[in-house]
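First comes the structure, then the notes that go with it.
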Amino acid sequence: MKKQLSLLGAVAALAVVLPAGAATNWGTRAGSSVDLSGAPATRTRENVDYAKYQTRTTTTTYQVNDGKNMYYTQPANRSALYKQYASGNSSQTVRTTRAETVRTELKRKYYLAHPFFQPLQGKFGSITDFGYNMGSYDIALTEATGFSLSDPKAAWDMKQFAIKEDFSYGITDRIAVLGMLQYEFNKYKFDWSASPDDKMDDNDLNMFGLGAQWRFVDNDKWIATASAYFQHQKDIANNYVLDLKAGYKVSRSTIYGLARGWFVDFDGTAYGNGIKGIDAGDHEEAIFIAYDADAKNAFYIEGGLGVFSVLSEDWTLNVEGIFGHYDWHNQLSIKGAIGWQPNDWFALNLYAKTSLYDDADDKDLTFWWWGAEDAGNPGTHIYEWMKAGDAKISDYRETSIGIQAIFQF
């Protein structure tokens with residue numbers, strides 16, 4: 001029995017499953033979660049980058065005050081300090097001089113782009129993120145017995161514009177609750193080396209979530225926060241996330257470490273990238289590149305170091321380096337952000353994030369086919385998931401750029 005592997009006609013991406021990485025680095029974007037014992041999913045979902053930016057942490061930077069706002073000047077010689085008359089009169093005249101120096105310091109400000117930001121008691125916080133995310137890799141397919149490949153090489157390409165809203169409320173200065181939504185405009189494409197490209201556009205509400213955050217340490221030297229939240233990717237997975245941060249304040253900067261963990265409970269039994277479409281004969285077909293073909297859940301963890309610095313009263317700089325284990329691959333990424341805050345209630349934060357290293361390159365995955373034509377019975381399609389062969393991926397890349405509008409009111 002021979003099956004011809006090619007996609008024709010309209011194409012639709014299958015449901016995405018992996019949390020993306022800020023954000024970016026949590027698996028290949030535009031992945032899919034499917035049950036290989038049943039029909040393919042039909043909804044499209046892009047990977048949600050939970051750490052695309054830091055939204056759920058706390059507080060402010062402190063300006064160092066060394067207690068020397070008042071200076072005293074010593075006279076050049078003792079005669080300038082006092083003068084004693086030698087006329088036999090035992091009385092003395094003492095003259096003292098004191099000069100005051102005023103030193104200009106930056107006004108203490110609650111920086112909204114700070115990685116430890118959360119709203120103060122009775123206040124609301126809003127972070128609206130407009131992000132452009134890109135992900136791609138090359139694929140070399142090796143056919144399984146019984147399959148004939150019309151084109152064994154392709155490049156997967158995903159481009160996404162996402163609007164994410166994080167809204168929070170300060171129950172106290174130390175504890176806040178939050179909610180989040182993300183809407184996406186996606187473009188997916190399998191760029192085949194010889195065959196026509198398969199591509200589609202898909203727009204949808206992808207994710208919503210609820211959580212809480214706690215700033216349990218905050219003094220003139222140290223700050224630490226813990227956040228926990230639940231995120232639901234419709235028709236894909238439920239995600240349970242724990243975020244920990246701790247920082248040391250030095251002059252105008254905060255140097256901090258972070259650790260995050262995700263438990264991902266998939267709706268299907270496998271996850272990866274896939275598309276679904278209709279061929280020229282109006283037959284339903286789908287191809288699926290599986291990161292793991294037998295997975296009901298997965299666990300991701302990452303750690304990193306960062307520094308947040310106040311450049312001037314209105315400008316800030318944030319740099320982070322993160323290394324993560326995301327079930328089927330490991331990745332090292334870097335993020336940079338420039339913030340502008342002209343007052344106490346509004347800030348703009350421009351960021352960019354990219355992968356520097358990923359061991360997804362040269363990994364051997366599997367690819368699956370739904371609705372393949374039975375070569376022994378032309379015109380007859382087999383509607384079940386069949387392993388069509390192996391897929392080696394290379395040149396794995398993820399990049400995100402965006403801008404955040406941050407409010408506290």
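Every chain in the structure tokens takes a letter, A first, then B, and so on in the order presented; its residues are numbered from 1, and the ligands are numbered from 1 following the presented order.
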Please report, as a Markdown table, each residue of stretch 109-215 of chain A lying at most 7 Å from stretch 231-254 of chain A, together with the nearest pair of atoms and the separation in Å rounded to one decimal; use only C-alpha atoms, and order rows by chain and ascending residue number.
```
| residue | atom | partner | partner_atom | distance |
| --- | --- | --- | --- | --- |
| A:Asn206 | CA | A:Gln233 | CA | 5.9 |
| A:Met207 | CA | A:Gln233 | CA | 4.7 |
| A:Phe208 | CA | A:His232 | CA | 5.6 |
| A:Gly209 | CA | A:Gln231 | CA | 4.1 |
| A:Leu210 | CA | A:Gln231 | CA | 6.7 |
```
List as CSV every residue of stretch 284-374 of chain A that is in contact with stretch 386-397 of chain A, defined as an atom at most 8 Å from one of its atoms (using only C-alpha atoms), together with the nearest atom pair and the distance in Å rounded to one decimal, sorted by chain and then rising number.
```
residue,atom,partner,partner_atom,distance
A:Ile289,CA,A:Ala391,CA,7.3
A:Thr354,CA,A:Arg397,CA,7.9
A:Ser355,CA,A:Arg397,CA,6.4
A:Asp358,CA,A:Tyr396,CA,6.9
A:Ala360,CA,A:Tyr396,CA,6.5
A:Asp361,CA,A:Ser394,CA,4.2
A:Asp362,CA,A:Ser394,CA,5.3
A:Lys363,CA,A:Lys392,CA,5.7
A:Asp364,CA,A:Lys392,CA,4.6
A:Leu365,CA,A:Ala391,CA,4.9
A:Thr366,CA,A:Asp390,CA,4.3
A:Phe367,CA,A:Gly389,CA,5.6
A:Trp368,CA,A:Lys387,CA,4.4
A:Trp369,CA,A:Met386,CA,5.3
A:Trp370,CA,A:Met386,CA,6.6
```
Top pick for closest residue to A:Val177, considering A:Trp262, A:Ser312, A:Ser126, A:Gly268 and counting only C-alpha atoms
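Closest to A:Val177, using only C-alpha atoms: A:Ser126.
Shortest separation to A:Gly339 among A:Gly306, A:Ile223, A:Asp314, A:Tyr357 occurs at residue A:Asp314, atoms counted being only C-alpha atoms.
Taking atom CA of A:Lys296 as the reference point, atom CA of A:Asp327 is found at 12.3 Å.
The closest residue to A:Ser400, picked from A:Tyr132, A:Tyr271, A:Trp328, A:Tyr188 and counting only C-alpha atoms, is A:Tyr132.
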Distance criterion (only C-alpha atoms): nearest to A:Asp265 out of A:Asp344, A:Arg215, A:Ser33, A:Ser309
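Closest to A:Asp265, using only C-alpha atoms: A:Ser33.
Ranking A:Tyr229, A:Phe124, A:Trp192, A:Phe130 by their shortest atom-to-atom distance to A:Leu350, with only C-alpha atoms included, puts A:Phe130 first.
When only C-alpha atoms are used to measure the gap to A:Asp157, the shortest distance among A:Gly135, A:Gly257, A:Pro342, A:Pro196 belongs to A:Gly135.
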Determine which residues of stretch 129-160 of chain A DSSP labels as strand (DSSP E) from the backbone of this structure, then write them out as a ChimeraX atom specification.
/A:129-143,147-149,153-160
